[in-house]
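Everything below belongs to upload.cif, which stores mmCIF, C-alpha atoms.
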```cif
data_protein
loop_
_atom_site.label_atom_id
_atom_site.label_comp_id
_atom_site.auth_asym_id
_atom_site.auth_seq_id
_atom_site.Cartn_x
_atom_site.Cartn_y
_atom_site.Cartn_z
CA MET D 1 0.00 0.00 0.00
CA SER D 2 0.97 3.65 -0.32
CA LYS D 3 1.52 6.25 2.38
CA ARG D 4 -1.49 8.16 0.97
CA HIS D 5 -3.70 5.10 1.43
CA ASP D 6 -2.31 4.40 4.91
CA VAL D 7 -3.09 7.98 5.97
CA ASP D 8 -6.63 7.75 4.55
CA GLN D 9 -7.22 4.51 6.48
CA ALA D 10 -5.86 6.00 9.73
CA VAL D 11 -8.11 9.06 9.37
CA LYS D 12 -11.08 6.79 8.65
CA ALA D 13 -10.38 4.80 11.83
CA MET D 14 -10.05 8.03 13.83
CA LEU D 15 -13.40 9.29 12.47
CA LYS D 16 -15.17 6.02 13.31
CA ALA D 17 -13.80 6.12 16.88
CA ALA D 18 -14.69 9.81 17.36
CA CYS D 19 -18.15 9.65 15.78
CA VAL D 20 -19.73 6.54 17.30
CA ALA D 21 -23.10 8.33 17.52
CA TYR D 22 -23.08 9.07 13.76
CA ASP D 23 -22.72 7.06 10.58
CA VAL D 24 -19.25 7.37 9.03
CA ILE D 25 -19.08 6.60 5.31
CA ALA D 26 -15.81 6.56 3.36
CA LEU D 27 -16.43 7.48 -0.27
CA GLU D 28 -13.57 5.87 -2.17
CA ASP D 29 -12.46 6.17 -5.79
CA GLY D 30 -14.80 9.08 -6.63
CA GLN D 31 -17.90 7.32 -5.32
CA GLU D 32 -21.03 9.55 -5.20
CA ARG D 33 -22.43 10.66 -1.86
CA PRO D 34 -25.67 8.84 -0.97
CA GLN D 35 -28.73 11.10 -0.77
CA ARG D 36 -29.96 9.51 2.46
CA ILE D 37 -28.38 10.45 5.73
CA SER D 38 -28.76 8.90 9.16
CA PRO D 39 -31.38 10.46 11.45
CA PHE D 40 -28.56 11.08 13.95
CA GLY D 41 -26.13 12.58 11.40
CA THR D 42 -23.67 11.28 8.86
CA VAL D 43 -19.97 11.94 8.27
CA PHE D 44 -18.69 11.48 4.72
CA MET D 45 -14.97 11.16 4.03
CA ARG D 46 -13.49 11.32 0.54
CA ASP D 47 -10.08 10.07 -0.61
CA GLY D 48 -7.27 12.42 0.34
CA ASP D 49 -5.24 14.31 -2.23
CA PRO D 50 -1.55 14.64 -1.34
CA GLY D 51 -1.01 17.36 -3.97
CA GLU D 52 2.44 18.33 -5.18
CA PRO D 53 5.21 17.69 -2.66
CA ASP D 54 7.95 19.98 -1.46
CA ILE D 55 11.20 18.13 -2.12
CA ASP D 56 14.50 18.01 -0.25
CA LEU D 57 17.22 16.72 -2.56
CA SER D 58 19.86 15.28 -0.25
CA PRO D 59 18.66 12.73 0.65
CA PRO D 60 15.50 12.83 -1.49
CA THR D 61 12.53 13.45 0.81
CA TYR D 62 9.02 14.32 -0.35
CA HIS D 63 6.90 16.45 2.01
CA TYR D 64 3.12 16.24 1.50
CA ASN D 65 0.10 18.08 2.92
CA GLN D 66 -2.64 15.58 2.11
CA ARG D 67 -6.07 17.22 2.16
CA ILE D 68 -8.90 14.86 3.10
CA PRO D 69 -12.38 16.30 2.39
CA ILE D 70 -14.95 15.76 5.14
CA GLU D 71 -18.65 16.48 4.81
CA ILE D 72 -21.07 16.24 7.71
CA ALA D 73 -24.84 16.26 7.30
CA ALA D 74 -27.85 16.23 9.63
CA TYR D 75 -31.63 16.56 9.58
CA LYS D 76 -33.53 19.26 11.39
CA SER D 77 -34.61 17.90 14.77
CA SER D 78 -35.66 19.36 18.09
CA GLU D 79 -32.25 21.08 18.22
CA PRO D 80 -31.07 23.79 15.82
CA LEU D 81 -29.16 22.27 12.90
CA ARG D 82 -26.11 24.46 13.49
CA LEU D 83 -25.83 23.10 17.02
CA VAL D 84 -25.99 19.50 15.77
CA LEU D 85 -23.34 20.19 13.10
CA ASP D 86 -21.13 22.02 15.61
CA ARG D 87 -21.33 19.02 17.94
CA MET D 88 -20.40 16.65 15.09
CA ALA D 89 -17.51 18.85 13.98
CA GLY D 90 -16.42 19.30 17.60
CA ALA D 91 -16.12 15.54 18.08
CA ILE D 92 -13.86 15.34 15.03
CA GLY D 93 -11.84 18.39 16.10
CA ALA D 94 -11.33 16.91 19.57
CA ALA D 95 -10.09 13.63 18.06
CA VAL D 96 -7.61 15.51 15.86
CA ALA D 97 -6.40 17.60 18.82
CA ALA D 98 -5.98 14.46 20.95
CA ASP D 99 -3.65 12.78 18.44
CA ARG D 100 -1.91 15.30 16.18
CA PHE D 101 0.45 12.57 14.93
CA LEU D 102 -2.26 10.01 14.12
CA GLY D 103 -0.50 7.29 16.07
CA GLY D 104 2.80 8.03 14.30
CA ALA D 105 1.35 7.86 10.77
CA VAL D 106 1.89 11.59 10.08
CA ASP D 107 4.14 14.45 11.11
CA TYR D 108 1.14 16.65 11.99
CA LEU D 109 -2.65 16.59 11.65
CA ASP D 110 -4.88 19.67 11.47
CA VAL D 111 -8.32 20.77 10.24
CA THR D 112 -9.59 23.72 8.20
CA ALA D 113 -12.57 25.86 9.18
CA MET D 114 -16.03 24.45 8.49
CA GLU D 115 -18.22 25.96 5.79
CA LEU D 116 -21.95 25.45 6.34
CA THR D 117 -24.08 24.52 3.34
CA GLY D 118 -27.78 23.95 2.81
CA LEU D 119 -28.62 20.56 1.38
CA SER D 120 -31.61 20.27 -0.89
CA ALA D 121 -34.46 18.08 0.21
CA SER D 122 -34.86 15.12 -2.14
CA ALA D 123 -38.67 15.17 -2.15
CA PRO D 124 -41.48 17.59 -1.35
CA GLY D 125 -42.22 17.48 2.36
CA ALA D 126 -38.86 15.88 3.19
CA GLN D 127 -37.00 16.91 6.33
CA THR D 128 -34.73 19.94 6.17
CA GLN D 129 -31.04 19.04 5.91
CA MET D 130 -27.92 21.06 6.51
CA GLY D 131 -24.31 20.17 6.03
CA GLY D 132 -20.82 21.36 6.74
CA MET D 133 -17.64 20.85 4.78
CA PHE D 134 -14.01 21.06 5.90
CA GLU D 135 -10.73 19.27 5.34
CA ILE D 136 -8.42 17.29 7.55
CA VAL D 137 -4.84 18.11 6.54
CA ALA D 138 -2.26 15.39 7.15
CA SER D 139 1.37 16.51 6.80
CA TYR D 140 3.92 13.75 6.30
CA HIS D 141 7.09 12.90 4.42
CA THR D 142 8.35 9.90 2.49
CA THR D 143 11.53 8.98 0.66
CA ASN D 144 9.64 7.60 -2.33
CA PRO D 145 6.58 9.33 -3.82
CA LEU D 146 5.16 6.02 -5.08
CA ILE D 147 5.00 4.22 -1.71
#
```

Kindly present the structure from the file in C-alpha cells form.
Amino acid sequence: MSKRHDVDQAVKAMLKAACVAYDVIALEDGQERPQRISPFGTVFMRDGDPGEPDIDLSPPTYHYNQRIPIEIAAYKSSEPLRLVLDRMAGAIGAAVAADRFLGGAVDYLDVTAMELTGLSASAPGAQTQMGGMFEIVASYHTTNPLI
C-alpha cells in the first residue's frame, strides 16, 4: 500500500472512533455521496489528495500536505441544525487535537474551518437538511513518492 492510502485509512479509523453516535461513510475512488443520511447525522470522508510535494534533494525526501475532504450532514430535529453540526464537527476536532500525529502515521494533523451549506431536500415534504464541509490536513514525508 501507499503512504497516501495508509493515511486515509488511519483518518477513517479516527473518524469512526470519534463519531460513534453518527454514521461514518468513506467514499472511495470518486464514489457519489448517498442522498440519504442517518437520522442522527452522517460523516462522509473522501479520498485524500496529497497534492504536489515539497522536495529536499539530499537525501530525497518528499513532504506532502494531504487534504482529506470531510462532509457532515444532519436533519432538522428538536435542536437547531447548526448546534448538531457544531457538535459533530467538535467531536472530530477533539479527536484531531488528541492525536496530532495520528498514532505516528503523520508528522502533523490539522483541520480547516467548516463551511456550512444547505442541502436540498430530495422530495417535497422531506425533512430539512444542513451540512458542513471542511478538510483534515495530514502533513507527512516519504523517501519515495510512489509508496

note - atom CA of D:Thr42 and atom CA of D:Gly132 are separated by 10.7 Å

Report task. Identify the residues within 6 Å of coordinate (-5.3, 16.5, 11.9) (same frame as the file), considering all atoms listed in the file, and give the answer as an NGL selection string. Result -> :D and (96 or 100 or 109-111 or 136-138)

Nearby residues (all atoms listed in the file) at most 7 Å from stretch 44-60 of chain D, same-chain spacing under 4 positions excluded, as a PDB file with C-alpha atoms, in the frame of the given file:
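File written: selection-v2.pdb
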```pdb
ATOM      1  CA  ARG D   4      -1.490   8.160   0.970  1.00  0.00           C
ATOM      2  CA  ASP D   8      -6.630   7.750   4.550  1.00  0.00           C
ATOM      3  CA  VAL D  24     -19.250   7.370   9.030  1.00  0.00           C
ATOM      4  CA  ILE D  25     -19.080   6.600   5.310  1.00  0.00           C
ATOM      5  CA  ALA D  26     -15.810   6.560   3.360  1.00  0.00           C
ATOM      6  CA  LEU D  27     -16.430   7.480  -0.270  1.00  0.00           C
ATOM      7  CA  GLU D  28     -13.570   5.870  -2.170  1.00  0.00           C
ATOM      8  CA  ASP D  29     -12.460   6.170  -5.790  1.00  0.00           C
ATOM      9  CA  TYR D  64       3.120  16.240   1.500  1.00  0.00           C
ATOM     10  CA  ASN D  65       0.100  18.080   2.920  1.00  0.00           C
ATOM     11  CA  GLN D  66      -2.640  15.580   2.110  1.00  0.00           C
ATOM     12  CA  ARG D  67      -6.070  17.220   2.160  1.00  0.00           C
ATOM     13  CA  ILE D  68      -8.900  14.860   3.100  1.00  0.00           C
ATOM     14  CA  PRO D  69     -12.380  16.300   2.390  1.00  0.00           C
ATOM     15  CA  ILE D  70     -14.950  15.760   5.140  1.00  0.00           C
ATOM     16  CA  GLU D  71     -18.650  16.480   4.810  1.00  0.00           C
ATOM     17  CA  ILE D  72     -21.070  16.240   7.710  1.00  0.00           C
ATOM     18  CA  THR D 143      11.530   8.980   0.660  1.00  0.00           C
TER      19      THR D 143
END
```

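Put simply, the PyMOL selection byres ((chain D and resi 76) around 10) in this file takes in Pro39, Phe40, Gly41, Ala74, Tyr75, Ser77, Ser78, Glu79, Pro80, Leu81, Arg82, Val84, Gln127, Thr128, Gln129 and Met130 of chain D.
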
> Which residue gives the smallest distance to D:Leu116 among D:Gly93, D:Ser139, D:Asp86, D:Ala10, with all atoms listed in the file counted?
Replying inline: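 Nearest candidate to D:Leu116 out of D:Gly93, D:Ser139, D:Asp86, D:Ala10: D:Asp86.
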